[in-house]
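**Student:** Supplied in structure tokens, the structure appears directly below.
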Amino acid sequence: MKRIYFDHSATTPVDKDVAKLVLEYMTDKFGNASSIHSFGREARRAVEESREKVAALLGAENNEIFFTSGGTEGDNFAIKGVAYANRKKGNHIITSSIEHHAVLHTCEYLAKNGFEITYLPVDEYGMVNVEDVKNAITDKTILISVMYANNEVGTIQPIKEIGALAKARGIYFHTDAVQAAGNYPINVKDENIDLLTMSGHKLYGPKGTGALYIRRGVRIEPVQHGGAHERNMRAGTENAPGIVGLGLACEIAKREMNEKNSRIAALRDKIIREVTAKIPHAKLNGHPTLRLPGNVNFSFLYVEGESLLLNLDMKGIAASSGSACTSGSLDPSHVLLAMGLTHEVAHGSLRVTLGRGNTEEEVDYLLEVLPEILDRLRAMSPLYGESANLKPANPCSTCHVH
Ligand SMILES: *Cc1c(COP(=O)(O)O)cnc(C)c1O
């Protein structure tokens, strides 16, 4: 059976040319970038060229890019690093309620260590309101961290406006741009961003690679201590193969961005259009227009996200769900709940995230099998038959905690 991958927000395949280059820097060009002999200098040169490529993708200066092991480390580095370096100035951090756990759990950790965190609400589309950011600022606020684009529903936040507000108040602005970098045009200078997290494996680069952009002049402490790597800001022998792979992935992403995005957005819009027109009790999650080009997220009433995923998987289609039932937890997505969805509606959600390898034939196949699966699942649901009288229903039969 042909397998179709519609889960690009979880991870992407490594680009073939990137993989080839990574292998080259693991085998032939394996030097330690800190060594002064020719092997070391070869690796150093490649690391610095990658820094330029990452900087070019973000509109940053080369020396504002610090390599990390990915999005999670970047978020920890940015938030803890700024918090600890500026605690004399204040202990208040503003973030949103729909952040990735790499941000939310870092903030929860800081809350246990003397910091105060404000979690901003979002509207029904998963959008942060700039006025709410403004009203949350106190004279103790040192950092605002709002993600660029949400990983579940794809909503793109008013980054430039939040950045301008932070700048005017002398507060640092960090954005987790793991989903946006390489998939959406970003310019850190135009958008008033002080710190930005990106990750390699969400843009066809290797897993365990990433970068943190830190605007020159930002007061920040390292989080990982040891050698003098990354200008004393991030200790540990540079992952030269990974860094080189990340650099090439960024170069390709920049080059292909416009063409790729318009092609993927057309497929996204076809799915949204057809599902909305043909499938009853389907609700689009996320913003109708301000969303990532590859993101589709629907809630299907009277269906469990988990059953839907398993049935799609049996047809060769890999997607994901906003219901965390699949990961062994009974809690529905904190993002969908923050957007005001009930547990029932959040449980029946499906996320399809398109990437550069997807074709219209694959989308058509999804649109062919999805209604059949939904019909079958709904026919088995004791609640669906009663849907005519719109009785409040709990469609989840395996999860007993709500
Ligand atoms: C994937 C993701 C992360 C984590 O990145 P890793 O490189 O997997 O650690 C952080 N934030 C967002 C928004 C993500 O989508």
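By order in the structure tokens, chains are A, B, ...; within a chain, residues start at 1; ligands start at 1, following the order shown.
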I'd like to know which residues of region 94-332 of chain A are strand (DSSP E) (by DSSP, run on the backbone); could you write them as an NGL selection string?
**Tutor:** :A and (94-96 or 116-120 or 141-145 or 172-176 or 195-199 or 210-214 or 282-284 or 295-300 or 317-318)
**Student:** Which residues of chain A sit at most 10 Å from ligand 1, using only C-alpha atoms and all ligand atoms? Give each one's shortest atom pair and distance in Å (one decimal place), in chain and ascending residue order, as JSON lines.
**Tutor:**
{"residue": "A:His8", "atom": "CA", "partner": "ligand 1", "partner_atom_place_in_ligand_line": "15 (O)", "distance": 9.8}
{"residue": "A:Ser9", "atom": "CA", "partner": "ligand 1", "partner_atom_place_in_ligand_line": "15 (O)", "distance": 6.2}
{"residue": "A:Ala10", "atom": "CA", "partner": "ligand 1", "partner_atom_place_in_ligand_line": "1 (C)", "distance": 6.2}
{"residue": "A:Thr11", "atom": "CA", "partner": "ligand 1", "partner_atom_place_in_ligand_line": "1 (C)", "distance": 7.3}
{"residue": "A:Thr68", "atom": "CA", "partner": "ligand 1", "partner_atom_place_in_ligand_line": "7 (O)", "distance": 9.1}
{"residue": "A:Ser69", "atom": "CA", "partner": "ligand 1", "partner_atom_place_in_ligand_line": "7 (O)", "distance": 7.0}
{"residue": "A:Gly70", "atom": "CA", "partner": "ligand 1", "partner_atom_place_in_ligand_line": "7 (O)", "distance": 3.6}
{"residue": "A:Gly71", "atom": "CA", "partner": "ligand 1", "partner_atom_place_in_ligand_line": "5 (O)", "distance": 3.3}
{"residue": "A:Thr72", "atom": "CA", "partner": "ligand 1", "partner_atom_place_in_ligand_line": "9 (O)", "distance": 3.7}
{"residue": "A:Glu73", "atom": "CA", "partner": "ligand 1", "partner_atom_place_in_ligand_line": "9 (O)", "distance": 6.4}
{"residue": "A:Gly74", "atom": "CA", "partner": "ligand 1", "partner_atom_place_in_ligand_line": "9 (O)", "distance": 7.9}
{"residue": "A:Asp75", "atom": "CA", "partner": "ligand 1", "partner_atom_place_in_ligand_line": "10 (C)", "distance": 7.2}
{"residue": "A:Asn76", "atom": "CA", "partner": "ligand 1", "partner_atom_place_in_ligand_line": "9 (O)", "distance": 10.0}
{"residue": "A:Ile98", "atom": "CA", "partner": "ligand 1", "partner_atom_place_in_ligand_line": "13 (C)", "distance": 9.5}
{"residue": "A:Glu99", "atom": "CA", "partner": "ligand 1", "partner_atom_place_in_ligand_line": "13 (C)", "distance": 6.9}
{"residue": "A:His100", "atom": "CA", "partner": "ligand 1", "partner_atom_place_in_ligand_line": "11 (N)", "distance": 4.9}
{"residue": "A:His101", "atom": "CA", "partner": "ligand 1", "partner_atom_place_in_ligand_line": "10 (C)", "distance": 7.3}
{"residue": "A:Ala102", "atom": "CA", "partner": "ligand 1", "partner_atom_place_in_ligand_line": "10 (C)", "distance": 5.7}
{"residue": "A:Val103", "atom": "CA", "partner": "ligand 1", "partner_atom_place_in_ligand_line": "11 (N)", "distance": 7.5}
{"residue": "A:Met147", "atom": "CA", "partner": "ligand 1", "partner_atom_place_in_ligand_line": "13 (C)", "distance": 6.8}
{"residue": "A:Tyr148", "atom": "CA", "partner": "ligand 1", "partner_atom_place_in_ligand_line": "13 (C)", "distance": 8.0}
{"residue": "A:Ala149", "atom": "CA", "partner": "ligand 1", "partner_atom_place_in_ligand_line": "13 (C)", "distance": 7.0}
{"residue": "A:Asn150", "atom": "CA", "partner": "ligand 1", "partner_atom_place_in_ligand_line": "13 (C)", "distance": 6.0}
{"residue": "A:Asn151", "atom": "CA", "partner": "ligand 1", "partner_atom_place_in_ligand_line": "15 (O)", "distance": 4.8}
{"residue": "A:Glu152", "atom": "CA", "partner": "ligand 1", "partner_atom_place_in_ligand_line": "15 (O)", "distance": 8.1}
{"residue": "A:Gly154", "atom": "CA", "partner": "ligand 1", "partner_atom_place_in_ligand_line": "13 (C)", "distance": 9.7}
{"residue": "A:Thr175", "atom": "CA", "partner": "ligand 1", "partner_atom_place_in_ligand_line": "13 (C)", "distance": 9.4}
{"residue": "A:Asp176", "atom": "CA", "partner": "ligand 1", "partner_atom_place_in_ligand_line": "11 (N)", "distance": 5.9}
{"residue": "A:Ala177", "atom": "CA", "partner": "ligand 1", "partner_atom_place_in_ligand_line": "13 (C)", "distance": 6.4}
{"residue": "A:Val178", "atom": "CA", "partner": "ligand 1", "partner_atom_place_in_ligand_line": "12 (C)", "distance": 4.8}
{"residue": "A:Gln179", "atom": "CA", "partner": "ligand 1", "partner_atom_place_in_ligand_line": "15 (O)", "distance": 5.1}
{"residue": "A:Ala180", "atom": "CA", "partner": "ligand 1", "partner_atom_place_in_ligand_line": "13 (C)", "distance": 8.3}
{"residue": "A:Thr197", "atom": "CA", "partner": "ligand 1", "partner_atom_place_in_ligand_line": "11 (N)", "distance": 8.0}
{"residue": "A:Met198", "atom": "CA", "partner": "ligand 1", "partner_atom_place_in_ligand_line": "7 (O)", "distance": 7.5}
{"residue": "A:Ser199", "atom": "CA", "partner": "ligand 1", "partner_atom_place_in_ligand_line": "7 (O)", "distance": 4.6}
{"residue": "A:Gly200", "atom": "CA", "partner": "ligand 1", "partner_atom_place_in_ligand_line": "7 (O)", "distance": 6.7}
{"residue": "A:His201", "atom": "CA", "partner": "ligand 1", "partner_atom_place_in_ligand_line": "7 (O)", "distance": 6.4}
{"residue": "A:Lys202", "atom": "CA", "partner": "ligand 1", "partner_atom_place_in_ligand_line": "1 (C)", "distance": 6.8}
{"residue": "A:Pro206", "atom": "CA", "partner": "ligand 1", "partner_atom_place_in_ligand_line": "7 (O)", "distance": 9.4}
{"residue": "A:Lys207", "atom": "CA", "partner": "ligand 1", "partner_atom_place_in_ligand_line": "7 (O)", "distance": 6.7}
{"residue": "A:Gly208", "atom": "CA", "partner": "ligand 1", "partner_atom_place_in_ligand_line": "7 (O)", "distance": 6.2}
{"residue": "A:Thr209", "atom": "CA", "partner": "ligand 1", "partner_atom_place_in_ligand_line": "7 (O)", "distance": 6.8}
{"residue": "A:Gly210", "atom": "CA", "partner": "ligand 1", "partner_atom_place_in_ligand_line": "7 (O)", "distance": 6.6}
{"residue": "A:Ala211", "atom": "CA", "partner": "ligand 1", "partner_atom_place_in_ligand_line": "7 (O)", "distance": 9.5}
**Student:** Point out the residue among A:Met233, A:Met339, A:Leu312, A:Leu267 with the least atom-to-atom distance to Glu361 (chain A), counting only C-alpha atoms.
**Tutor:**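 Nearest to Glu361 (chain A): A:Leu267.
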**Student:** Using only C-alpha atoms, I'd like a table of the residues in region 114-167 of chain A that come within 6 Å of region 282-298 of chain A; for each, show the closest atom pair and its distance in Å rounded to one decimal, ordered by chain and ascending number, as JSON lines.
**Tutor:**
{"residue": "A:Tyr125", "atom": "CA", "partner": "A:Gly286", "partner_atom": "CA", "distance": 4.5}
{"residue": "A:Gly126", "atom": "CA", "partner": "A:Gly286", "partner_atom": "CA", "distance": 5.8}
{"residue": "A:Val153", "atom": "CA", "partner": "A:Gly286", "partner_atom": "CA", "distance": 4.8}
{"residue": "A:Gly154", "atom": "CA", "partner": "A:Arg291", "partner_atom": "CA", "distance": 4.8}
{"residue": "A:Thr155", "atom": "CA", "partner": "A:Arg291", "partner_atom": "CA", "distance": 4.4}
{"residue": "A:Ile156", "atom": "CA", "partner": "A:Arg291", "partner_atom": "CA", "distance": 5.3}
**Student:** For the helix (DSSP H, G or I) assignment from backbone DSSP, which residues of region 324-376 of chain A qualify? Please present them as a ChimeraX atom specification.
**Tutor:** /A:324-327,334-338,343-347,360-376
**Student:** Go ahead and save the residues from that selection, with C-alpha atoms, as a short mmCIF file (atom, residue, chain, number, x, y, z; two decimals), in the first residue's frame.
**Tutor:**
data_model
loop_
_atom_site.label_atom_id
_atom_site.label_comp_id
_atom_site.auth_asym_id
_atom_site.auth_seq_id
_atom_site.Cartn_x
_atom_site.Cartn_y
_atom_site.Cartn_z
CA ALA A 324 -3.90 13.61 23.14
CA CYS A 325 -5.62 10.24 23.68
CA THR A 326 -3.03 8.87 21.28
CA SER A 327 -0.17 9.83 23.54
CA HIS A 334 -4.72 22.70 25.51
CA VAL A 335 -4.74 24.78 22.32
CA LEU A 336 -8.25 23.75 21.26
CA LEU A 337 -9.56 24.18 24.81
CA ALA A 338 -8.01 27.67 24.99
CA HIS A 343 -13.84 18.61 25.36
CA GLU A 344 -16.20 16.72 23.07
CA VAL A 345 -15.46 18.84 20.01
CA ALA A 346 -11.74 18.98 20.77
CA HIS A 347 -11.64 15.19 20.99
CA GLU A 360 -2.95 16.73 -5.52
CA GLU A 361 -3.51 12.99 -6.05
CA GLU A 362 -2.71 12.39 -2.38
CA VAL A 363 -5.13 15.11 -1.35
CA ASP A 364 -7.82 13.62 -3.59
CA TYR A 365 -7.26 10.22 -2.01
CA LEU A 366 -7.73 11.74 1.46
CA LEU A 367 -10.90 13.45 0.30
CA GLU A 368 -12.14 10.12 -1.04
CA VAL A 369 -11.50 8.01 2.06
CA LEU A 370 -12.23 10.56 4.78
CA PRO A 371 -16.03 10.76 4.26
CA GLU A 372 -16.29 6.94 4.19
CA ILE A 373 -14.37 6.59 7.43
CA LEU A 374 -16.39 9.33 9.12
CA ASP A 375 -19.66 7.77 8.00
CA ARG A 376 -18.60 4.41 9.37
#
**Student:** For Arg45 (chain A), list every protein, DNA or RNA residue within 12 Å, evaluated using only C-alpha atoms, and leave out those in the same chain fewer than 4 positions away; present the list as a PyMOL selection string.
**Tutor:** chain A and resi 25+29+31-36+38-41+49-52+240+243-244
**Student:** Select, from A:Ile93, A:Leu58, A:Arg378, A:Gln157, the residue with the minimum atom-to-atom distance to Glu251 (chain A), counting only C-alpha atoms.
**Tutor:**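 Among the listed residues, A:Leu58 lies closest to Glu251 (chain A).
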